[in-house]
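structure-v6.txt, holding compact mmCIF, C-alpha atoms and all ligand atoms:
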# COMPACT_ATOMS: atom_id res chain seq x y z
CA MET A 1 117.52 54.41 46.14
CA ASP A 2 119.74 51.54 45.13
CA ARG A 3 122.62 51.20 47.46
CA GLN A 4 124.49 47.94 47.60
CA LEU A 5 127.27 47.30 50.03
CA LYS A 6 130.36 45.41 48.95
CA ILE A 7 131.94 43.51 51.78
CA GLY A 8 135.04 41.62 50.71
CA GLU A 9 133.80 39.25 48.04
CA ARG A 10 130.15 39.48 49.04
CA ILE A 11 127.53 42.01 48.12
CA ALA A 12 124.77 42.97 50.53
CA GLN A 13 121.76 44.25 48.63
CA LYS A 14 121.00 46.75 51.36
CA SER A 15 123.36 49.18 52.98
CA ILE A 16 122.56 48.17 56.53
CA LEU A 17 124.45 46.10 59.05
CA GLN A 18 122.78 44.80 62.15
CA GLY A 19 125.13 45.50 65.07
CA GLY A 20 126.38 42.51 67.06
CA MET A 21 124.66 42.29 70.45
CA GLY A 22 125.97 40.14 73.26
CA ILE A 23 125.18 38.19 75.25
CA GLY A 24 122.65 36.21 73.29
CA ILE A 25 120.73 39.13 71.77
CA SER A 26 121.97 38.76 68.20
CA LEU A 27 122.39 35.10 67.43
CA GLY A 28 121.56 33.02 64.37
CA ASN A 29 117.91 33.90 64.29
CA LEU A 30 118.28 37.68 64.09
CA ALA A 31 121.41 37.60 61.95
CA GLY A 32 119.77 35.17 59.51
CA ALA A 33 116.65 37.31 59.24
CA VAL A 34 118.66 40.49 58.53
CA ALA A 35 120.83 38.71 55.96
CA LYS A 36 117.72 37.27 54.30
CA CYS A 37 116.38 40.81 53.95
CA GLY A 38 119.53 41.83 52.08
CA GLY A 39 121.37 43.45 54.99
CA VAL A 40 124.39 42.17 56.89
CA GLY A 41 123.50 39.90 59.80
CA MET A 42 125.91 39.82 62.72
CA ILE A 43 126.12 37.11 65.36
CA SER A 44 127.65 38.20 68.65
CA ALA A 45 130.30 35.75 69.80
CA ALA A 46 130.27 37.11 73.36
CA GLN A 47 129.72 34.14 75.69
CA ILE A 48 127.56 32.68 72.94
CA GLY A 49 127.59 29.23 74.52
CA PHE A 50 125.61 30.35 77.58
CA ARG A 51 122.82 27.88 76.84
CA GLU A 52 125.17 24.91 76.46
CA PRO A 53 124.99 22.43 79.35
CA ASP A 54 128.76 22.56 79.95
CA PHE A 55 129.07 26.36 79.74
CA ASP A 56 130.17 26.72 83.39
CA GLU A 57 132.90 24.08 83.31
CA ASN A 58 133.97 24.33 79.72
CA THR A 59 133.21 27.88 78.65
CA GLU A 60 135.59 28.22 75.70
CA GLU A 61 134.49 24.95 74.06
CA ALA A 62 130.82 25.69 74.71
CA ASN A 63 131.28 29.07 73.03
CA VAL A 64 133.04 27.58 70.01
CA ARG A 65 130.34 24.93 69.59
CA ALA A 66 127.60 27.55 69.79
CA MET A 67 129.40 29.79 67.29
CA HIS A 68 129.21 27.04 64.68
CA GLN A 69 125.59 26.19 65.54
CA GLU A 70 124.40 29.79 65.36
CA TYR A 71 126.27 30.41 62.13
CA GLU A 72 124.65 27.33 60.56
CA LYS A 73 121.24 28.50 61.74
CA ALA A 74 121.71 31.93 60.15
CA ARG A 75 123.12 30.37 56.98
CA GLN A 76 120.10 28.09 56.62
CA THR A 77 117.82 31.12 56.79
CA ALA A 78 119.90 33.12 54.34
CA PRO A 79 121.96 30.76 52.13
CA LYS A 80 123.26 33.63 50.01
CA GLY A 81 123.14 36.40 52.58
CA VAL A 82 126.03 38.22 54.20
CA ILE A 83 126.62 36.88 57.69
CA GLY A 84 129.38 37.76 60.11
CA PHE A 85 130.53 37.62 63.70
CA ASN A 86 131.02 40.46 66.13
CA ILE A 87 134.01 39.51 68.26
CA MET A 88 135.19 41.90 70.96
CA VAL A 89 138.94 42.41 71.31
CA ALA A 90 138.46 42.52 75.09
CA MET A 91 137.25 38.90 75.14
CA ARG A 92 139.51 36.25 76.57
CA HIS A 93 140.31 33.65 73.84
CA TYR A 94 139.68 36.35 71.21
CA GLU A 95 142.21 34.75 68.85
CA ARG A 96 140.49 31.37 69.01
CA TYR A 97 137.05 32.86 68.37
CA VAL A 98 138.39 34.75 65.34
CA ARG A 99 139.85 31.56 63.90
CA GLU A 100 136.61 29.67 64.52
CA ALA A 101 134.60 32.41 62.80
CA VAL A 102 136.80 32.05 59.72
CA GLN A 103 136.48 28.28 59.85
CA ALA A 104 132.70 28.49 60.14
CA GLY A 105 132.72 30.46 56.87
CA ALA A 106 131.87 33.94 58.16
CA ASP A 107 131.79 36.62 55.48
CA LEU A 108 132.83 39.30 57.92
CA ILE A 109 134.34 39.88 61.36
CA VAL A 110 133.51 43.15 63.09
CA SER A 111 135.74 43.82 66.05
CA GLY A 112 135.60 46.53 68.69
CA ALA A 113 135.85 47.06 72.47
CA GLY A 114 139.52 47.77 71.89
CA LEU A 115 141.34 48.15 68.60
CA PRO A 116 141.81 44.88 66.68
CA MET A 117 145.48 45.59 65.94
CA ASP A 118 146.45 42.05 65.00
CA LEU A 119 143.25 40.82 63.39
CA PRO A 120 144.89 40.45 59.93
CA ALA A 121 147.51 38.09 61.37
CA LEU A 122 144.80 35.84 62.78
CA THR A 123 142.93 35.58 59.50
CA GLU A 124 145.80 35.24 57.04
CA ASN A 125 144.72 33.98 53.61
CA ALA A 126 141.08 33.84 54.69
CA LYS A 127 138.35 35.35 52.53
CA THR A 128 136.63 36.74 55.61
CA ALA A 129 136.34 40.53 55.40
CA LEU A 130 137.63 42.50 58.39
CA ALA A 131 136.03 45.54 59.99
CA PRO A 132 137.39 47.40 63.01
CA ILE A 133 135.09 49.61 65.10
CA VAL A 134 136.38 53.09 65.94
CA SER A 135 134.92 56.05 67.78
CA SER A 136 137.43 58.78 66.89
CA GLU A 137 139.65 59.98 64.07
CA ARG A 138 142.62 59.21 66.30
CA SER A 139 141.77 55.53 66.62
CA ALA A 140 140.82 55.30 62.93
CA ARG A 141 144.23 56.66 61.92
CA LEU A 142 145.99 54.41 64.39
CA ILE A 143 144.48 51.19 63.08
CA LEU A 144 144.73 52.17 59.39
CA LYS A 145 148.38 53.10 59.77
CA TYR A 146 149.23 50.00 61.77
CA TRP A 147 147.51 47.56 59.37
CA ASP A 148 149.00 49.33 56.38
CA ARG A 149 152.57 49.26 57.74
CA LYS A 150 152.54 45.88 59.40
CA TYR A 151 150.23 43.85 57.19
CA HIS A 152 150.09 45.85 53.95
CA ARG A 153 146.34 45.68 54.06
CA LEU A 154 143.47 47.97 54.94
CA PRO A 155 140.10 47.14 56.48
CA ASP A 156 137.36 45.88 54.16
CA LEU A 157 134.90 48.05 56.07
CA LEU A 158 135.24 50.52 58.91
CA VAL A 159 132.49 50.91 61.49
CA ILE A 160 132.23 54.26 63.26
CA GLU A 161 130.36 53.94 66.54
CA GLY A 162 129.06 57.20 67.93
CA PRO A 163 128.06 58.27 71.45
CA LEU A 164 124.38 57.25 71.15
CA ALA A 165 125.14 53.54 70.66
CA GLY A 166 124.31 50.71 73.04
CA GLY A 167 126.53 48.31 74.94
CA HIS A 168 130.08 49.27 75.85
CA LEU A 169 131.10 52.62 74.41
CA GLY A 170 134.39 54.02 73.18
CA PHE A 171 134.02 57.33 75.05
CA SER A 172 134.63 58.46 78.60
CA ALA A 173 131.54 58.86 80.80
CA GLU A 174 132.20 62.62 80.83
CA GLN A 175 132.29 62.78 77.01
CA LEU A 176 129.03 60.84 76.82
CA ILE A 177 127.27 63.16 79.23
CA GLU A 178 128.56 66.17 77.29
CA TYR A 179 127.25 64.71 74.06
CA MET A 180 123.89 64.01 75.64
CA GLN A 181 123.62 67.51 77.05
CA GLU A 182 124.77 68.89 73.69
CA LYS A 183 127.56 70.77 75.40
CA LYS A 184 129.93 69.11 73.03
CA LYS A 185 129.27 69.68 69.35
CA ASN A 186 127.50 66.73 67.83
CA PHE A 187 129.45 63.79 66.50
CA ASP A 188 129.07 64.74 62.82
CA GLU A 189 132.36 66.65 62.70
CA GLU A 190 134.25 63.64 64.00
CA VAL A 191 132.54 61.43 61.40
CA LYS A 192 133.67 63.79 58.63
CA ARG A 193 137.23 63.76 59.95
CA ILE A 194 137.21 59.95 60.03
CA LEU A 195 135.87 59.84 56.46
CA ASP A 196 138.72 62.13 55.33
CA THR A 197 141.28 59.92 56.99
CA VAL A 198 139.80 56.77 55.45
CA LYS A 199 139.88 58.43 52.03
CA GLU A 200 143.51 59.42 52.50
CA PHE A 201 144.56 55.79 53.16
CA ALA A 202 142.22 54.32 50.57
CA GLU A 203 143.47 56.63 47.80
CA LYS A 204 147.08 55.83 48.61
CA ALA A 205 146.30 52.13 48.29
CA GLN A 206 144.01 52.67 45.30
CA LYS A 207 141.26 50.88 47.15
CA TYR A 208 137.77 51.75 48.32
CA ILE A 209 137.01 51.29 51.99
CA PRO A 210 133.28 51.42 52.78
CA VAL A 211 132.36 53.07 56.08
CA ALA A 212 129.32 52.33 58.25
CA LEU A 213 127.97 54.65 60.93
CA ALA A 214 126.43 53.29 64.13
CA GLY A 215 124.73 54.79 67.15
CA GLY A 216 121.27 56.23 67.55
CA ILE A 217 120.02 55.48 64.05
CA GLY A 218 116.42 54.47 64.52
CA SER A 219 114.43 56.31 61.88
CA ARG A 220 114.45 57.10 58.18
CA GLU A 221 115.53 60.69 58.92
CA GLN A 222 118.45 59.54 61.03
CA ALA A 223 119.47 57.05 58.36
CA ASP A 224 119.28 59.75 55.68
CA HIS A 225 121.34 62.05 57.86
CA ALA A 226 124.05 59.38 58.14
CA PHE A 227 124.13 58.89 54.36
CA HIS A 228 124.32 62.65 53.83
CA LEU A 229 127.44 62.73 55.96
CA GLY A 230 128.97 60.48 53.33
CA VAL A 231 128.96 57.02 54.88
CA ASP A 232 128.20 53.96 52.78
CA ALA A 233 126.05 52.11 55.29
CA ILE A 234 124.37 52.30 58.65
CA GLN A 235 124.87 49.87 61.51
CA VAL A 236 121.78 49.48 63.65
CA ALA A 237 121.32 47.47 66.82
CA THR A 238 118.71 48.88 69.22
CA ARG A 239 115.94 48.98 66.60
CA PHE A 240 116.42 45.26 65.98
CA VAL A 241 115.96 44.28 69.63
CA THR A 242 112.22 44.84 69.41
CA THR A 243 111.78 42.54 66.43
CA GLU A 244 110.07 39.17 66.36
CA GLU A 245 113.26 37.56 65.12
CA CYS A 246 115.60 38.99 67.77
CA ASP A 247 117.05 36.17 69.86
CA ALA A 248 116.38 37.84 73.23
CA ASP A 249 113.56 36.74 75.53
CA ILE A 250 110.26 38.59 75.03
CA ARG A 251 110.57 40.08 78.55
CA TYR A 252 113.81 41.79 77.52
CA LYS A 253 112.14 43.21 74.42
CA ARG A 254 109.28 44.48 76.60
CA THR A 255 111.71 46.46 78.81
CA TYR A 256 112.53 48.51 75.70
CA LEU A 257 108.85 49.06 74.94
CA GLN A 258 108.18 50.18 78.50
CA ALA A 259 111.30 52.32 78.98
CA GLN A 260 111.06 56.08 79.07
CA GLU A 261 113.82 58.45 78.06
CA LYS A 262 114.77 59.12 81.69
CA ASP A 263 115.31 55.39 82.31
CA ILE A 264 118.24 55.20 79.92
CA VAL A 265 121.50 55.84 81.72
CA ILE A 266 125.25 55.66 81.39
CA THR A 267 126.81 53.10 83.67
CA LYS A 268 130.30 51.79 84.26
CA SER A 269 130.74 48.10 83.51
CA PRO A 270 132.72 46.03 86.02
CA VAL A 271 135.87 46.44 83.94
CA GLY A 272 135.59 50.21 83.98
CA MET A 273 134.25 50.75 80.46
CA PRO A 274 131.24 53.05 80.19
CA GLY A 275 128.09 51.59 78.72
CA ARG A 276 124.45 52.51 78.18
CA ALA A 277 121.66 50.57 79.83
CA ILE A 278 118.12 50.73 81.20
CA LEU A 279 117.89 51.76 84.86
CA ASN A 280 116.21 48.69 86.40
CA PRO A 281 116.20 47.23 89.92
CA PHE A 282 119.57 45.57 89.26
CA LEU A 283 121.29 48.77 88.17
CA LYS A 284 119.74 50.71 91.06
CA LYS A 285 121.28 48.20 93.49
CA ILE A 286 124.68 48.59 91.86
CA GLN A 287 124.39 52.38 91.89
CA ASN A 288 123.63 52.18 95.60
CA GLY A 289 126.93 50.42 96.12
CA GLU A 290 125.64 46.87 96.50
CA GLN A 291 127.94 44.11 95.42
CA ILE A 292 126.78 40.88 93.85
CA ARG A 293 129.60 38.41 94.23
CA PRO A 294 129.80 35.98 91.31
CA GLU A 295 129.59 32.30 92.19
CA LYS A 296 131.95 31.41 89.42
CA CYS A 297 134.23 33.29 87.04
CA HIS A 298 133.41 32.55 83.38
CA GLY A 299 136.68 34.05 82.19
CA CYS A 300 134.99 36.40 79.74
CA LEU A 301 137.02 39.62 79.64
CA LYS A 302 140.80 39.84 79.51
CA HIS A 303 141.18 42.67 82.04
CA CYS A 304 138.59 41.68 84.62
CA LYS A 305 139.77 41.10 88.21
CA PRO A 306 137.02 38.90 89.71
CA ALA A 307 137.95 39.75 93.32
CA GLU A 308 137.52 43.48 92.74
CA ILE A 309 134.33 43.77 90.68
CA PRO A 310 130.88 44.78 92.00
CA TYR A 311 129.14 42.16 89.84
CA CYS A 312 129.86 39.70 87.05
CA ILE A 313 129.02 41.11 83.64
CA THR A 314 128.54 37.67 82.11
CA ASP A 315 125.97 36.72 84.76
CA ALA A 316 124.17 40.07 84.41
CA LEU A 317 123.99 39.84 80.62
CA ILE A 318 122.89 36.20 80.64
CA HIS A 319 120.03 37.19 82.94
CA ALA A 320 119.08 39.75 80.26
CA ALA A 321 119.10 37.26 77.40
CA LYS A 322 117.01 34.82 79.45
CA GLY A 323 114.46 37.48 80.33
CA GLU A 324 115.30 37.64 84.06
CA VAL A 325 115.12 41.37 83.65
CA ASP A 326 115.21 42.53 87.28
CA GLU A 327 118.55 40.73 87.80
CA ALA A 328 119.98 41.84 84.48
CA LEU A 329 122.18 44.46 82.91
CA LEU A 330 119.93 45.68 80.10
CA PHE A 331 122.22 47.20 77.50
CA CYS A 332 120.48 49.52 75.04
CA GLY A 333 121.09 52.46 72.72
CA ALA A 334 120.00 56.04 73.49
CA GLU A 335 116.89 55.64 71.33
CA ALA A 336 115.59 52.44 72.95
CA TRP A 337 112.72 54.29 74.67
CA GLU A 338 111.29 55.21 71.26
CA ALA A 339 110.32 51.62 70.43
CA GLN A 340 106.54 51.31 70.41
CA LYS A 341 105.85 47.79 69.25
CA ILE A 342 107.35 44.49 68.21
CA GLN A 343 107.96 44.47 64.47
CA THR A 344 109.51 42.15 61.95
CA VAL A 345 113.07 42.64 60.72
CA GLU A 346 111.69 43.31 57.26
CA GLU A 347 109.49 46.13 58.58
CA VAL A 348 112.41 47.73 60.42
CA VAL A 349 114.69 47.55 57.38
CA ARG A 350 111.96 49.05 55.20
CA GLU A 351 111.31 51.85 57.69
CA LEU A 352 114.99 52.75 57.86
CA LEU A 353 115.87 52.52 54.19
CA GLY A 354 112.54 52.90 52.47
CA GLU A 355 111.52 50.75 49.52
CA GLU A 356 114.64 49.99 47.56
C1 LIG B 401 121.92 45.12 73.69
C2 LIG B 401 123.18 45.53 72.99
C3 LIG B 401 124.29 44.73 73.05
C4 LIG B 401 125.45 45.08 72.36
N1 LIG B 401 126.53 44.23 72.39
C5 LIG B 401 127.63 44.50 71.66
C6 LIG B 401 128.70 43.58 71.59
O1 LIG B 401 128.67 42.50 72.18
N2 LIG B 401 129.79 43.92 70.85
C7 LIG B 401 129.86 45.12 70.18
O2 LIG B 401 130.86 45.38 69.51
N3 LIG B 401 128.83 46.00 70.20
C8 LIG B 401 127.73 45.71 70.91
N4 LIG B 401 126.68 46.60 70.90
C9 LIG B 401 126.74 47.79 70.04
C10 LIG B 401 126.02 47.54 68.70
O3 LIG B 401 126.63 46.54 67.95
C11 LIG B 401 125.89 48.79 67.83
O4 LIG B 401 127.07 49.18 67.23
C12 LIG B 401 125.29 50.01 68.49
O5 LIG B 401 124.43 49.69 69.54
C13 LIG B 401 124.56 50.81 67.43
O6 LIG B 401 123.74 51.80 67.97
P1 LIG B 401 122.15 51.62 68.11
O7 LIG B 401 121.97 50.54 69.12
O8 LIG B 401 121.72 52.96 68.58
O9 LIG B 401 121.60 51.25 66.77
C14 LIG B 401 125.51 46.28 71.61
C15 LIG B 401 124.37 47.08 71.56
C16 LIG B 401 123.21 46.74 72.22
C17 LIG B 401 122.00 47.61 72.11
Taking this structure as input, can you express it in the form of structure tokens?
Amino acid sequence: MDRQLKIGERIAQKSILQGGMGIGISLGNLAGAVAKCGGVGMISAAQIGFREPDFDENTEEANVRAMHQEYEKARQTAPKGVIGFNIMVAMRHYERYVREAVQAGADLIVSGAGLPMDLPALTENAKTALAPIVSSERSARLILKYWDRKYHRLPDLLVIEGPLAGGHLGFSAEQLIEYMQEKKKNFDEEVKRILDTVKEFAEKAQKYIPVALAGGIGSREQADHAFHLGVDAIQVATRFVTTEECDADIRYKRTYLQAQEKDIVITKSPVGMPGRAILNPFLKKIQNGEQIRPEKCHGCLKHCKPAEIPYCITDALIHAAKGEVDEALLFCGAEAWEAQKIQTVEEVVRELLGEE
């Protein structure tokens, strides 16, 4: 099967995007490896400067510095590959990070955890392709209509993130549980509605808008199912965690290998958003009502109230990236427990798409 993916002015040889994973899970190493394989490599900008010596005092500058370093690293691995940044709308200094991504030369910005309503204004005249993440037809229509009316432009790619994805999720905890218990009809119908809406806007503008589907795609069958629904590409994150090239510590990767299906739970992040993670000693403490007061606020999320939260999400995710897994929030997708061994990025891409 020969399926290229056009993203703005770039062409990815393979119709797969690696989902951005913060903090520190998808950096230059993983993104570069995916781009080198012909897919789209995504660097997560979320608190990316956590390893910089001045991260605590000078978080924004440390993050910006690390964005450029990680981009360069990925670019060296894949000089002609498609490399982008995942930048969450909910991040404080979102606007600055978007501008820095453009300046670094990113081919693509994927933006979720809120709708990136004003992303076109922040990237005016830039060649960087723009991709919002949506989880419903309602939010797809909202962003398409708003960008069309206000900016006379449409996304260069739309990412649909379903209920089986990892990290923060665009569904209520109740919806997620219903999906998991199959009380609610599966997500396919929503995907088809979103595809219809995208087509409606694209036809009006005489443009083609590629769509990627994310969430729970970990096998060839699941990938084929996504393509049969009519999407142009798949976005995969969890499967890339257990790769040699993934930027996370080996102890974090091992938690995926050891996890069983029952260990994967829905939790509420400190800012109230539901997310999916592995039930580890840290999460058990939080579920039992323990509070872990942060020593210092890193100013990560716009709507966080440090005095009211049970724990600091930046601290918990940095523990994860560093492999301090018992103190960490271990984000993962619903299929994380299926990982059996550490593989290379190339092997994972081949397994998902076959020989192309
Ligand atoms: C460990 C982890 C961290 C993630 N972090 C982010 C993030 O920082 N920003 C974001 O938009 N999505 C994030 N995601 C979601 C992924 O980009 C992706 O869309 C989703 O997990 C795809 O589903 P899959 O993991 O089942 O393949 C994260 C996912 C995982 C597993």
Distance filter 9 Å around ligand LIG 401 (chain B), atoms: all atoms listed in the file, out as a PyMOL selection string: chain A and resi 18-26+42+44-46+86-89+110-113+133+159-169+213-218+234-241+276-277+317+320+330-336
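For the set A:Tyr252, A:Tyr208, A:Tyr311, A:Phe227, the residue with the smallest atom-to-atom gap to Ile16 in chain A is A:Phe227, counting only C-alpha atoms.
Of the residues listed (A:Ile278, A:Leu157, A:Leu195, A:Ala223), A:Ile278 shows the shortest atom-to-atom separation from Lys262 in chain A; distances use only C-alpha atoms.
With distances taken over all atoms listed in the file, A:Phe171 is the one residue among A:Phe55, A:Tyr146, A:Phe171, A:Phe85 lying closest to Gly272 in chain A.
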Min atom-atom distance to His93 in chain A from the set A:Ala74, A:Ile309, A:Leu115, A:Cys300, counting only C-alpha atoms, belongs to A:Cys300
Output range 63-83 of chain A with N, CA, C and O atoms present, as a compact mmCIF listing (two decimals), in the frame of the given file.
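Once written, part08.txt looks like this:
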# COMPACT_ATOMS: atom_id res chain seq x y z
N ASN A 63 131.40 27.90 73.91
CA ASN A 63 131.28 29.07 73.03
C ASN A 63 131.59 28.71 71.57
O ASN A 63 130.86 29.11 70.66
N VAL A 64 132.65 27.95 71.38
CA VAL A 64 133.04 27.58 70.01
C VAL A 64 131.93 26.73 69.36
O VAL A 64 131.53 26.97 68.22
N ARG A 65 131.41 25.79 70.11
CA ARG A 65 130.34 24.93 69.59
C ARG A 65 129.13 25.79 69.18
O ARG A 65 128.58 25.64 68.09
N ALA A 66 128.77 26.71 70.07
CA ALA A 66 127.60 27.55 69.79
C ALA A 66 127.86 28.49 68.61
O ALA A 66 126.93 28.79 67.84
N MET A 67 129.09 28.93 68.45
CA MET A 67 129.40 29.79 67.29
C MET A 67 129.04 29.07 66.00
O MET A 67 128.40 29.61 65.11
N HIS A 68 129.47 27.81 65.91
CA HIS A 68 129.21 27.04 64.68
C HIS A 68 127.70 26.79 64.51
O HIS A 68 127.18 26.90 63.41
N GLN A 69 127.04 26.46 65.62
CA GLN A 69 125.59 26.19 65.54
C GLN A 69 124.81 27.42 65.09
O GLN A 69 123.94 27.35 64.23
N GLU A 70 125.14 28.56 65.68
CA GLU A 70 124.40 29.79 65.36
C GLU A 70 124.69 30.23 63.93
O GLU A 70 123.82 30.74 63.23
N TYR A 71 125.93 30.04 63.51
CA TYR A 71 126.27 30.41 62.13
C TYR A 71 125.45 29.55 61.15
O TYR A 71 124.88 30.05 60.17
N GLU A 72 125.40 28.25 61.43
CA GLU A 72 124.65 27.33 60.56
C GLU A 72 123.17 27.72 60.50
O GLU A 72 122.53 27.68 59.45
N LYS A 73 122.65 28.10 61.66
CA LYS A 73 121.24 28.50 61.74
C LYS A 73 120.99 29.72 60.84
O LYS A 73 120.04 29.73 60.04
N ALA A 74 121.86 30.71 60.97
CA ALA A 74 121.71 31.93 60.15
C ALA A 74 121.86 31.58 58.67
O ALA A 74 121.11 32.07 57.82
N ARG A 75 122.84 30.74 58.39
CA ARG A 75 123.12 30.37 56.98
C ARG A 75 121.94 29.64 56.35
O ARG A 75 121.64 29.81 55.18
N GLN A 76 121.28 28.80 57.16
CA GLN A 76 120.10 28.09 56.62
C GLN A 76 118.99 29.07 56.26
O GLN A 76 118.29 28.91 55.27
N THR A 77 118.85 30.11 57.07
CA THR A 77 117.82 31.12 56.79
C THR A 77 118.19 31.94 55.56
O THR A 77 117.33 32.32 54.78
N ALA A 78 119.47 32.24 55.43
CA ALA A 78 119.90 33.12 54.34
C ALA A 78 121.11 32.49 53.62
O ALA A 78 122.25 32.90 53.82
N PRO A 79 120.84 31.48 52.77
CA PRO A 79 121.96 30.76 52.13
C PRO A 79 122.91 31.68 51.37
O PRO A 79 124.11 31.43 51.31
N LYS A 80 122.38 32.76 50.80
CA LYS A 80 123.26 33.63 50.01
C LYS A 80 123.51 34.97 50.70
O LYS A 80 124.10 35.88 50.10
N GLY A 81 123.03 35.11 51.90
CA GLY A 81 123.14 36.40 52.58
C GLY A 81 124.54 36.65 53.13
O GLY A 81 125.40 35.77 53.11
N VAL A 82 124.73 37.86 53.61
CA VAL A 82 126.03 38.22 54.20
C VAL A 82 125.91 38.09 55.72
O VAL A 82 125.12 38.78 56.35
N ILE A 83 126.72 37.19 56.26
CA ILE A 83 126.62 36.88 57.69
C ILE A 83 128.00 36.94 58.34
O ILE A 83 128.97 36.37 57.82
